[in-house]
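Trainee: Next comes coords.txt, compact mmCIF, C-alpha atoms:
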# COMPACT_ATOMS: atom_id res chain seq x y z
CA MET A 139 26.33 131.89 108.29
CA ARG A 140 28.35 134.69 106.69
CA ILE A 141 29.95 137.80 108.17
CA THR A 142 28.30 140.93 106.82
CA ALA A 143 30.07 143.69 108.77
CA LEU A 144 33.01 144.40 111.04
CA GLU A 145 32.41 147.35 113.36
CA ALA A 146 35.29 148.88 115.34
CA ILE A 147 34.51 151.20 118.27
CA PRO A 148 37.49 153.03 119.80
CA VAL A 149 36.99 153.88 123.47
CA ALA A 150 38.86 155.86 126.12
CA VAL A 151 38.44 154.47 129.64
CA PRO A 152 39.40 156.17 132.93
CA ASP A 153 42.66 154.80 134.35
CA PRO A 154 44.38 155.46 137.69
CA PRO A 155 47.89 157.00 137.69
CA LEU A 156 49.69 153.67 138.00
CA ARG A 157 53.48 153.82 137.90
CA ASN A 158 55.93 151.56 136.09
CA SER A 159 59.53 151.55 134.96
CA TRP A 160 58.86 153.72 131.90
CA GLY A 161 56.51 156.26 133.48
CA VAL A 162 52.89 156.46 134.60
CA HIS A 163 49.51 155.64 133.09
CA ALA A 164 47.57 158.48 131.50
CA PRO A 165 44.14 159.42 132.91
CA TYR A 166 42.57 157.21 130.21
CA PHE A 167 43.56 153.98 128.49
CA LEU A 168 42.53 153.13 124.93
CA ARG A 169 40.82 150.00 123.64
CA THR A 170 38.98 148.98 120.48
CA ILE A 171 35.74 147.01 120.71
CA LEU A 172 35.03 144.82 117.69
CA ARG A 173 31.60 143.62 116.61
CA LEU A 174 31.17 141.08 113.82
CA ARG A 175 27.65 140.91 112.40
CA THR A 176 26.23 138.07 110.32
CA ASP A 177 23.45 137.45 107.82
CA GLU A 178 21.63 135.49 110.54
CA GLY A 179 21.38 138.52 112.81
CA LEU A 180 24.03 137.40 115.28
CA THR A 181 26.78 139.61 116.71
CA GLY A 182 30.19 138.42 117.93
CA LEU A 183 32.23 140.53 120.33
CA SER A 184 35.93 141.06 120.87
CA GLU A 185 38.31 143.62 122.31
CA THR A 186 41.85 144.59 121.42
CA TYR A 187 44.40 147.38 121.73
CA GLY A 188 43.44 150.99 121.13
CA PRO A 189 43.65 152.79 117.77
CA ASP A 190 47.16 153.96 118.62
CA ALA A 191 48.27 150.32 118.23
CA VAL A 192 45.61 148.83 115.96
CA THR A 193 45.13 151.46 113.27
CA PRO A 194 42.01 152.26 111.22
CA LEU A 195 43.96 151.24 108.11
CA GLU A 196 44.57 147.77 109.55
CA LEU A 197 40.91 147.48 110.48
CA ASP A 198 39.85 148.49 106.96
CA ARG A 199 42.04 145.73 105.55
CA ALA A 200 40.50 143.30 108.02
CA ARG A 201 37.03 144.21 106.76
CA GLN A 202 38.10 143.38 103.22
CA VAL A 203 39.34 139.99 104.41
CA VAL A 204 36.48 138.86 106.67
CA VAL A 205 33.26 140.32 105.22
CA GLY A 206 31.49 137.66 103.19
CA GLN A 207 33.37 134.83 104.88
CA ARG A 208 32.24 132.28 107.47
CA PRO A 209 33.19 132.68 111.14
CA SER A 210 34.75 129.22 110.99
CA ASP A 211 37.34 130.47 108.48
CA VAL A 212 39.55 132.00 111.18
CA GLN A 213 42.60 130.00 110.12
CA ARG A 214 42.46 131.59 106.68
CA PHE A 215 41.87 135.02 108.25
CA ALA A 216 45.04 134.70 110.31
CA LEU A 217 47.17 133.85 107.27
CA ARG A 218 45.87 136.83 105.31
CA LEU A 219 45.80 139.40 108.11
CA GLY A 220 49.33 138.84 109.38
CA SER A 221 49.02 141.01 112.50
CA PRO A 222 48.53 138.81 115.62
CA ALA A 223 46.61 141.62 117.33
CA ILE A 224 44.08 141.85 114.49
CA SER A 225 43.81 138.14 113.75
CA GLY A 226 43.54 137.29 117.44
CA ALA A 227 40.76 139.82 117.99
CA ILE A 228 38.81 138.55 114.99
CA GLU A 229 39.29 134.96 116.13
CA VAL A 230 37.72 135.77 119.52
CA ALA A 231 34.74 137.47 117.83
CA CYS A 232 34.32 134.50 115.48
CA LEU A 233 34.39 132.04 118.37
CA ASP A 234 31.81 134.19 120.13
CA LEU A 235 29.64 134.04 117.00
CA ILE A 236 29.98 130.28 116.63
CA GLY A 237 29.19 129.82 120.31
CA ARG A 238 26.08 131.98 120.07
CA ALA A 239 24.94 130.10 116.96
CA THR A 240 25.42 126.64 118.49
CA GLY A 241 24.69 127.35 122.15
CA SER A 242 28.27 126.47 123.11
CA ARG A 243 30.67 128.36 125.35
CA VAL A 244 33.99 129.49 123.89
CA CYS A 245 35.82 127.18 126.30
CA ASP A 246 33.79 124.25 124.93
CA LEU A 247 34.77 125.20 121.37
CA LEU A 248 38.41 125.12 122.52
CA GLY A 249 38.12 121.55 123.79
CA GLY A 250 36.38 122.00 127.12
CA PRO A 251 37.51 123.43 130.46
CA VAL A 252 39.83 121.60 132.81
CA ARG A 253 38.84 124.00 135.61
CA ASP A 254 35.54 125.76 136.25
CA ARG A 255 37.03 128.62 138.27
CA VAL A 256 40.14 130.55 137.28
CA ALA A 257 42.51 132.09 139.83
CA PHE A 258 43.84 135.61 139.35
CA SER A 259 46.56 137.60 141.08
CA ALA A 260 46.34 141.00 142.69
CA TYR A 261 48.20 143.36 140.35
CA LEU A 262 49.67 145.93 142.72
CA PHE A 263 51.16 149.23 141.53
CA PHE A 264 52.96 152.11 143.11
CA LYS A 265 50.80 155.06 142.15
CA TYR A 266 50.15 158.76 142.44
CA ALA A 267 47.04 160.28 143.97
CA GLY A 268 44.00 160.08 141.72
CA GLU A 269 40.23 160.03 141.71
CA ASP A 270 40.19 156.25 141.94
CA GLY A 271 39.64 155.61 145.63
CA TRP A 272 42.88 153.72 146.19
CA GLY A 273 45.05 156.56 147.49
CA VAL A 274 48.76 157.20 147.08
CA VAL A 275 51.13 154.23 147.02
CA GLY A 276 54.68 155.56 147.18
CA SER A 277 56.45 153.49 149.83
CA PRO A 278 56.81 149.86 150.96
CA ASP A 279 54.38 150.42 153.84
CA GLU A 280 51.78 151.96 151.53
CA MET A 281 52.13 149.01 149.16
CA VAL A 282 51.31 146.66 152.03
CA GLY A 283 48.26 148.80 152.77
CA LEU A 284 47.15 148.48 149.14
CA ALA A 285 47.66 144.71 149.26
CA ASP A 286 45.49 144.56 152.39
CA GLN A 287 42.68 146.28 150.48
CA PHE A 288 42.99 143.96 147.46
CA VAL A 289 43.03 140.83 149.62
CA GLU A 290 40.10 141.96 151.73
CA ARG A 291 37.97 143.11 148.79
CA PHE A 292 38.76 140.42 146.21
CA GLY A 293 40.23 137.50 148.18
CA PHE A 294 43.48 137.22 146.18
CA THR A 295 46.04 134.66 147.36
CA THR A 296 48.71 135.72 144.85
CA LEU A 297 50.24 139.22 144.95
CA LYS A 298 52.18 140.72 142.07
CA VAL A 299 54.05 144.00 142.52
CA LYS A 300 54.83 146.17 139.50
CA GLY A 301 58.38 147.12 140.39
CA GLY A 302 61.08 149.12 138.67
CA VAL A 303 59.69 152.29 140.25
CA LEU A 304 61.43 152.72 143.62
CA PRO A 305 65.14 152.07 144.17
CA PRO A 306 65.77 148.31 144.35
CA LEU A 307 66.46 148.28 148.10
CA GLN A 308 63.03 149.77 148.74
CA GLU A 309 61.39 147.20 146.49
CA ILE A 310 63.24 144.45 148.37
CA ASP A 311 61.81 145.95 151.58
CA THR A 312 58.37 145.93 149.96
CA MET A 313 58.54 142.21 149.23
CA MET A 314 59.88 141.48 152.72
CA LEU A 315 57.01 143.40 154.31
CA LEU A 316 54.46 141.61 152.13
CA ARG A 317 55.88 138.24 153.11
CA ARG A 318 55.81 139.23 156.79
CA ARG A 319 52.24 140.51 156.51
CA PHE A 320 50.69 137.64 154.55
CA GLY A 321 52.86 134.66 155.46
CA PRO A 322 54.00 131.71 153.37
CA ASP A 323 50.58 130.77 151.98
CA VAL A 324 50.36 133.85 149.74
CA ALA A 325 52.43 133.68 146.55
CA LEU A 326 54.52 136.76 145.69
CA ARG A 327 55.73 138.03 142.31
CA LEU A 328 57.84 141.04 141.37
CA ASP A 329 58.00 142.62 137.90
CA PRO A 330 60.46 145.52 137.35
CA ASN A 331 59.89 145.51 133.56
CA ALA A 332 63.54 144.92 132.65
CA VAL A 333 64.79 148.19 134.13
CA TRP A 334 67.55 146.59 136.23
CA SER A 335 71.02 145.65 135.07
CA VAL A 336 72.11 142.02 135.28
CA GLU A 337 74.15 142.85 138.36
CA THR A 338 71.25 144.55 140.12
CA SER A 339 68.95 141.68 139.21
CA LEU A 340 71.37 139.22 140.80
CA ARG A 341 71.73 141.40 143.88
CA VAL A 342 67.95 141.67 144.36
CA ALA A 343 67.43 137.94 143.91
CA TYR A 344 70.24 137.22 146.38
CA GLU A 345 68.90 139.63 149.00
CA LEU A 346 65.38 138.29 148.70
CA GLY A 347 66.62 134.72 149.04
CA ARG A 348 68.86 135.61 151.97
CA SER A 349 65.88 137.20 153.71
CA GLY A 350 63.71 134.13 153.20
CA VAL A 351 61.46 135.81 150.62
CA TRP A 352 60.93 133.21 147.93
CA LEU A 353 59.09 134.51 144.89
CA GLU A 354 56.81 132.40 142.75
CA TYR A 355 58.76 134.10 140.01
CA LEU A 356 60.79 137.21 139.28
CA GLU A 357 59.44 138.66 136.04
CA ASP A 358 61.70 140.38 133.49
CA PRO A 359 64.29 141.74 135.91
CA THR A 360 66.63 142.65 133.06
CA GLU A 361 66.40 143.16 129.32
CA GLY A 362 66.60 140.57 126.57
CA ILE A 363 67.14 136.85 126.29
CA ALA A 364 70.90 137.20 126.78
CA GLY A 365 70.50 139.29 129.94
CA MET A 366 67.85 136.99 131.36
CA ALA A 367 70.06 133.97 130.68
CA ARG A 368 72.92 135.56 132.63
CA VAL A 369 70.60 136.08 135.59
CA ARG A 370 69.02 132.64 135.32
CA GLU A 371 72.45 131.02 135.32
CA ARG A 372 73.16 132.29 138.85
CA VAL A 373 69.81 132.30 140.64
CA THR A 374 67.49 129.51 141.75
CA MET A 375 64.40 131.72 141.81
CA PRO A 376 62.22 131.11 138.70
CA LEU A 377 62.26 133.81 136.02
CA ALA A 378 59.20 134.74 133.95
CA THR A 379 58.84 136.92 130.89
CA ASN A 380 56.35 138.71 128.73
CA MET A 381 59.02 141.01 127.26
CA CYS A 382 61.80 138.89 125.76
CA VAL A 383 59.62 136.02 124.52
CA THR A 384 56.67 137.59 122.73
CA ARG A 385 56.80 135.90 119.29
CA TRP A 386 57.12 132.33 118.09
CA GLU A 387 60.63 133.01 116.82
CA ASP A 388 61.73 134.00 120.35
CA ILE A 389 61.04 130.59 121.84
CA ALA A 390 63.97 128.61 120.39
CA PRO A 391 66.65 131.16 121.41
CA ALA A 392 65.15 131.40 124.91
CA VAL A 393 65.11 127.63 125.30
CA ASP A 394 68.65 127.30 123.94
CA ALA A 395 69.91 129.97 126.35
CA ARG A 396 67.89 128.60 129.27
CA ALA A 397 66.78 132.17 129.86
CA VAL A 398 63.34 131.73 131.42
CA ASP A 399 61.21 129.32 133.41
CA VAL A 400 57.75 130.77 132.70
CA ILE A 401 56.35 132.40 129.54
CA LEU A 402 53.41 134.72 130.07
CA SER A 403 50.88 134.37 127.27
CA ASP A 404 48.56 137.10 126.01
CA HIS A 405 45.90 136.29 123.44
CA HIS A 406 45.95 139.91 122.24
CA ALA A 407 49.63 139.66 121.30
CA TRP A 408 50.13 136.01 120.34
CA GLY A 409 47.31 135.78 117.81
CA GLY A 410 44.29 134.59 119.74
CA LEU A 411 43.04 131.94 122.12
CA ARG A 412 44.04 128.91 120.07
CA ALA A 413 47.52 130.33 119.59
CA CYS A 414 47.89 130.52 123.37
CA GLN A 415 46.71 126.92 123.62
CA ASP A 416 49.52 126.03 121.20
CA LEU A 417 51.94 128.07 123.30
CA GLY A 418 50.90 126.06 126.35
CA ARG A 419 51.76 122.81 124.56
CA ILE A 420 55.13 124.15 123.42
CA CYS A 421 55.94 125.28 126.96
CA ALA A 422 55.04 121.84 128.29
CA THR A 423 57.33 120.24 125.69
CA PHE A 424 60.30 122.21 127.04
CA HIS A 425 59.26 121.94 130.71
CA LEU A 426 58.45 125.63 130.90
CA GLY A 427 55.59 127.09 132.87
CA ILE A 428 52.90 129.18 131.21
CA GLY A 429 50.99 132.06 132.76
CA MET A 430 48.92 134.97 131.54
CA HIS A 431 50.02 138.56 131.02
CA SER A 432 47.67 141.50 131.38
CA ASN A 433 47.38 145.11 130.31
CA SER A 434 44.59 147.59 130.99
CA HIS A 435 41.43 145.99 129.60
CA LEU A 436 37.64 145.77 129.73
CA GLY A 437 35.21 142.95 130.40
CA ILE A 438 35.21 141.42 126.92
CA SER A 439 38.92 140.66 127.27
CA MET A 440 38.30 139.52 130.85
CA ALA A 441 35.79 136.96 129.57
CA ALA A 442 38.20 135.74 126.88
CA MET A 443 40.99 135.44 129.46
CA ILE A 444 38.78 133.34 131.75
CA HIS A 445 37.82 130.99 128.92
CA LEU A 446 41.47 130.64 127.90
CA ALA A 447 42.80 129.93 131.39
CA SER A 448 40.06 127.36 131.91
CA VAL A 449 41.19 125.20 128.96
CA VAL A 450 45.01 125.24 129.21
CA PRO A 451 45.88 122.40 131.62
CA THR A 452 49.25 123.83 132.65
CA MET A 453 47.93 127.37 133.23
CA ALA A 454 47.24 126.52 136.86
CA ALA A 455 48.99 129.47 138.50
CA ALA A 456 47.01 132.68 139.07
CA SER A 457 46.66 134.81 135.93
CA ASP A 458 47.46 138.52 135.86
CA THR A 459 44.68 141.04 135.35
CA HIS A 460 44.25 144.81 135.62
CA TYR A 461 40.50 144.31 136.01
CA PRO A 462 40.19 145.43 139.67
CA TRP A 463 41.57 148.85 138.67
CA LEU A 464 38.66 149.38 136.27
CA THR A 465 36.21 151.97 137.60
CA LYS A 466 33.23 151.04 135.39
CA ASP A 467 32.94 148.19 132.90
CA ILE A 468 31.02 148.02 129.63
CA LEU A 469 29.20 144.77 130.42
CA ALA A 470 25.44 144.57 130.76
CA GLY A 471 24.55 143.34 134.22
CA GLY A 472 27.70 144.76 135.82
CA PRO A 473 31.31 143.66 136.15
CA PHE A 474 32.73 140.27 136.98
CA ARG A 475 32.95 139.73 140.74
CA PHE A 476 35.89 137.92 142.31
CA ASP A 477 35.31 135.23 144.90
CA GLY A 478 38.42 134.13 146.75
CA GLY A 479 40.54 135.67 144.01
CA THR A 480 38.83 133.54 141.35
CA LEU A 481 36.24 134.00 138.61
CA SER A 482 33.93 131.32 137.27
CA VAL A 483 33.75 130.57 133.57
CA PRO A 484 30.82 132.54 132.07
CA ALA A 485 27.82 130.27 131.62
CA GLY A 486 26.22 131.81 128.51
CA PRO A 487 26.92 130.87 124.90
CA GLY A 488 30.05 132.24 123.24
CA LEU A 489 31.98 134.50 125.56
CA GLY A 490 28.90 134.73 127.77
CA VAL A 491 28.80 138.54 127.93
CA GLU A 492 26.69 141.34 126.49
CA LEU A 493 27.43 145.05 126.17
CA ASP A 494 26.00 147.98 128.08
CA ASP A 495 25.50 150.18 125.02
CA GLU A 496 25.17 153.39 127.05
CA GLN A 497 28.52 152.81 128.75
CA VAL A 498 30.15 151.96 125.43
CA ALA A 499 28.77 155.21 124.00
CA GLU A 500 30.15 157.19 126.95
CA TYR A 501 33.65 155.78 126.50
CA HIS A 502 33.46 156.21 122.74
CA GLU A 503 32.49 159.84 123.19
CA ALA A 504 35.47 160.31 125.50
CA TYR A 505 37.72 158.99 122.73
CA GLN A 506 36.11 161.30 120.19
CA ARG A 507 36.76 164.26 122.53
CA GLY A 508 40.44 163.40 122.28
CA VAL A 509 41.06 162.92 126.01
CA VAL A 510 43.95 160.62 124.99
CA ARG A 511 45.10 159.73 121.46
CA ARG A 512 48.02 157.45 122.24
CA ARG A 513 49.60 155.80 125.23
CA ASP A 514 52.78 157.56 126.33
CA ASP A 515 53.70 156.72 129.92
CA THR A 516 56.97 158.63 129.65
CA ALA A 517 55.23 161.86 128.63
CA GLU A 518 52.83 161.47 131.54
CA ALA A 519 55.73 161.01 133.95
CA ILE A 520 57.46 164.14 132.66
CA LYS A 521 54.29 166.13 133.29
CA ARG A 522 54.61 165.21 136.96
CA GLU A 523 58.40 165.27 137.22
CA PRO A 524 59.91 167.48 134.48
CA GLY A 525 63.40 166.01 134.88
CA TRP A 526 62.27 162.38 134.62
CA LEU A 527 63.88 160.29 131.87
CA PRO A 528 63.21 156.68 130.75
CA ILE A 529 66.74 155.45 131.50
CA LYS A 530 67.37 151.74 130.97
CA PRO A 531 68.85 150.15 132.92
CA ARG A 532 67.93 152.62 135.62
CA TRP A 533 69.67 150.63 138.36
Once more with this new file: its structure as structure tokens, please.
Mentor:
Amino acid sequence: MRITALEAIPVAVPDPPLRNSWGVHAPYFLRTILRLRTDEGLTGLSETYGPDAVTPLELDRARQVVVGQRPSDVQRFALRLGSPAISGAIEVACLDLIGRATGSRVCDLLGGPVRDRVAFSAYLFFKYAGEDGWGVVGSPDEMVGLADQFVERFGFTTLKVKGGVLPPLQEIDTMMLLRRRFGPDVALRLDPNAVWSVETSLRVAYELGRSGVWLEYLEDPTEGIAGMARVRERVTMPLATNMCVTRWEDIAPAVDARAVDVILSDHHAWGGLRACQDLGRICATFHLGIGMHSNSHLGISMAAMIHLASVVPTMAAASDTHYPWLTKDILAGGPFRFDGGTLSVPAGPGLGVELDDEQVAEYHEAYQRGVVRRRDDTAEAIKREPGWLPIKPRW
């Protein structure tokens, strides 16, 4: 079986006005859908960042590398492509192809699942009003109301708050109210995206601990390995990151500095599913936890994330996902449906998903109209608040 074509379809997908430390999401997020076709008539699917991050030039080079090759040659692809985002996306499509050809699931190709259902966390954002049905979330009380909706609708037992938006005291109040509302059996996480100083990070951790609000982890409270190490030195609450450890060369300095307790993997950024399996083994070697990071994504990535989390033994904690914020997916047969905050591993061969071509065409047409050409959360924030600046640290 040989690859005969690599097709890249840029899409623009409606996105709620979710707030974070560097601004607010635009009305659309960008993704690129990849389809690998073979001389046996099979098609392998994948999904990666939008064309603002994965450029047409990079995709053209990828075509030159992969066309004419076998899907099993992914190791050679990775060495020639260089970019983890490109090589990881092609790896997923190749695994999908191999799975379809052999009748095997991607998780089986990766060694077999250690869990048949994967837990996910509610990813809760402060947000502006939008046509998304979730309403405004601008205060601690409104965040608790949003959490109520997510728990009732999806059954999540882990709640992650995207912080770094309100002043730290208000975000402390938010976590206290969530703990009071949901009790000790619901795990809580807080992620201010490194917008706090070391001193503020220590103060927040102290106040949360003093109030009896233990977090499963505090994610990237401050910037960089050195800053995280200074916080970690003085707090007992676990620290997680997907910002200061994002490449293989970051791991040794982070371990040496004892900067983090949990590394959040992302197959889009680390170079694919097998790379994240390797990351899991490295984390286990140094007694670090491993979790899963998320950004705005569609159902192809959701399927890949489920397969990955099912095969990494130490990835037992709930994985992050933006999926509940998605208004309409591109999957034939409808979106994945959460049960008790979990999703089962897709049963079909490969990734176990097929595309709704009409929905893909709609999102592709939106991209062609130019509704959004690049992600710029800061520019979107300035549209709403002209004096807003991406100051770091903000507090």
Trainee: Hey, what's within 9 Å of stretch 183-191 of chain A if we count all atoms listed in the file and toss same-chain stuff fewer than 6 positions away? As a PyMOL selection string, please?
Mentor: chain A and resi 148-150+167-174+223-224+226-235+406+435-439+442+489+491-493+511-513
Trainee: So which residues touch A:Gly429 within 6 Å, counting all atoms listed in the file, skipping near sequence neighbours fewer than 2 positions away, as a list in words?
Mentor: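 Listed by chain and then number, they are Leu402, Ser403 and Met453 of chain A.
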Trainee: So the first atom is atom CA of A:Leu326 and the second is atom CA of A:Tyr355; what is the distance between them in Å, to one decimal place?
Mentor: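 About the pair atom CA of A:Leu326 and atom CA of A:Tyr355: they are 7.6 Å apart.
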Trainee: Would you work out the distance separating atom CA of A:Ala260 from atom CA of A:Ala456, expressed in Å to one decimal?
Mentor: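 Distance reported for this atom pair: 9.1 Å.
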Trainee: For a cut-off of 8 Å around (62.6, 130.5, 133.7), file coordinates, pick out all residues using all atoms listed in the file and list them as a count of residues only.
Mentor: 13
Trainee: Take stretch 154-182 of chain A from the block and save it with N, CA and C atoms, as an mmCIF file, in the first residue's frame.
Mentor:
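Result file out09.cif:
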data_model
loop_
_atom_site.group_PDB
_atom_site.id
_atom_site.type_symbol
_atom_site.label_atom_id
_atom_site.label_comp_id
_atom_site.auth_asym_id
_atom_site.auth_seq_id
_atom_site.Cartn_x
_atom_site.Cartn_y
_atom_site.Cartn_z
ATOM 1 N N PRO A 154 -17.011 30.127 20.742
ATOM 2 C CA PRO A 154 -17.545 31.112 21.687
ATOM 3 C C PRO A 154 -16.464 32.108 22.106
ATOM 4 N N PRO A 155 -16.862 33.263 22.633
ATOM 5 C CA PRO A 155 -15.894 34.271 23.089
ATOM 6 C C PRO A 155 -15.320 33.922 24.460
ATOM 7 N N LEU A 156 -14.461 32.915 24.470
ATOM 8 C CA LEU A 156 -13.842 32.412 25.700
ATOM 9 C C LEU A 156 -12.639 33.265 26.052
ATOM 10 N N ARG A 157 -12.521 33.631 27.316
ATOM 11 C CA ARG A 157 -11.471 34.541 27.751
ATOM 12 C C ARG A 157 -10.286 33.773 28.339
ATOM 13 N N ASN A 158 -9.106 34.371 28.211
ATOM 14 C CA ASN A 158 -7.897 33.817 28.804
ATOM 15 C C ASN A 158 -6.954 34.958 29.143
ATOM 16 N N SER A 159 -5.765 34.618 29.584
ATOM 17 C CA SER A 159 -4.858 35.655 30.090
ATOM 18 C C SER A 159 -4.331 36.568 29.000
ATOM 19 N N TRP A 160 -4.391 36.124 27.724
ATOM 20 C CA TRP A 160 -3.868 36.973 26.654
ATOM 21 C C TRP A 160 -4.972 37.510 25.757
ATOM 22 N N GLY A 161 -6.257 37.359 26.153
ATOM 23 C CA GLY A 161 -7.315 37.968 25.387
ATOM 24 C C GLY A 161 -8.584 37.154 25.361
ATOM 25 N N VAL A 162 -9.157 36.996 24.164
ATOM 26 C CA VAL A 162 -10.424 36.286 24.006
ATOM 27 C C VAL A 162 -10.435 35.602 22.643
ATOM 28 N N HIS A 163 -11.091 34.450 22.576
ATOM 29 C CA HIS A 163 -11.181 33.722 21.319
ATOM 30 C C HIS A 163 -11.951 34.532 20.278
ATOM 31 N N ALA A 164 -11.517 34.420 19.041
ATOM 32 C CA ALA A 164 -12.233 35.019 17.916
ATOM 33 C C ALA A 164 -13.524 34.245 17.663
ATOM 34 N N PRO A 165 -14.430 34.782 16.833
ATOM 35 C CA PRO A 165 -15.685 34.076 16.548
ATOM 36 C C PRO A 165 -15.492 32.740 15.834
ATOM 37 N N TYR A 166 -14.306 32.504 15.285
ATOM 38 C CA TYR A 166 -14.005 31.229 14.633
ATOM 39 C C TYR A 166 -12.605 30.784 15.045
ATOM 40 N N PHE A 167 -12.425 29.444 15.157
ATOM 41 C CA PHE A 167 -11.068 28.921 15.294
ATOM 42 C C PHE A 167 -10.702 28.162 14.020
ATOM 43 N N LEU A 168 -9.410 28.053 13.764
ATOM 44 C CA LEU A 168 -8.914 27.460 12.520
ATOM 45 C C LEU A 168 -8.316 26.072 12.775
ATOM 46 N N ARG A 169 -8.620 25.152 11.880
ATOM 47 C CA ARG A 169 -7.998 23.832 11.894
ATOM 48 C C ARG A 169 -7.705 23.418 10.455
ATOM 49 N N THR A 170 -6.857 22.417 10.312
ATOM 50 C CA THR A 170 -6.570 21.829 9.009
ATOM 51 C C THR A 170 -6.874 20.337 9.077
ATOM 52 N N ILE A 171 -7.739 19.878 8.195
ATOM 53 C CA ILE A 171 -8.067 18.458 8.093
ATOM 54 C C ILE A 171 -7.159 17.846 7.025
ATOM 55 N N LEU A 172 -6.503 16.762 7.374
ATOM 56 C CA LEU A 172 -5.633 16.064 6.433
ATOM 57 C C LEU A 172 -6.277 14.752 6.009
ATOM 58 N N ARG A 173 -6.167 14.471 4.705
ATOM 59 C CA ARG A 173 -6.598 13.174 4.182
ATOM 60 C C ARG A 173 -5.466 12.584 3.354
ATOM 61 N N LEU A 174 -5.000 11.407 3.762
ATOM 62 C CA LEU A 174 -4.031 10.651 2.983
ATOM 63 C C LEU A 174 -4.780 9.606 2.170
ATOM 64 N N ARG A 175 -4.512 9.556 0.879
ATOM 65 C CA ARG A 175 -5.155 8.567 0.015
ATOM 66 C C ARG A 175 -4.097 7.570 -0.471
ATOM 67 N N THR A 176 -4.540 6.351 -0.729
ATOM 68 C CA THR A 176 -3.608 5.290 -1.128
ATOM 69 C C THR A 176 -4.012 4.656 -2.453
ATOM 70 N N ASP A 177 -3.096 3.864 -2.996
ATOM 71 C CA ASP A 177 -3.358 3.162 -4.252
ATOM 72 C C ASP A 177 -4.342 2.012 -4.084
ATOM 73 N N GLU A 178 -4.736 1.724 -2.840
ATOM 74 C CA GLU A 178 -5.734 0.688 -2.583
ATOM 75 C C GLU A 178 -7.116 1.281 -2.312
ATOM 76 N N GLY A 179 -7.236 2.598 -2.510
ATOM 77 C CA GLY A 179 -8.530 3.245 -2.353
ATOM 78 C C GLY A 179 -8.903 3.598 -0.931
ATOM 79 N N LEU A 180 -7.964 3.489 -0.005
ATOM 80 C CA LEU A 180 -8.236 3.832 1.390
ATOM 81 C C LEU A 180 -7.888 5.293 1.662
ATOM 82 N N THR A 181 -8.552 5.867 2.670
ATOM 83 C CA THR A 181 -8.290 7.239 3.088
ATOM 84 C C THR A 181 -8.029 7.270 4.589
ATOM 85 N N GLY A 182 -6.952 7.911 4.995
ATOM 86 C CA GLY A 182 -6.624 8.097 6.406
ATOM 87 C C GLY A 182 -6.825 9.542 6.803
#
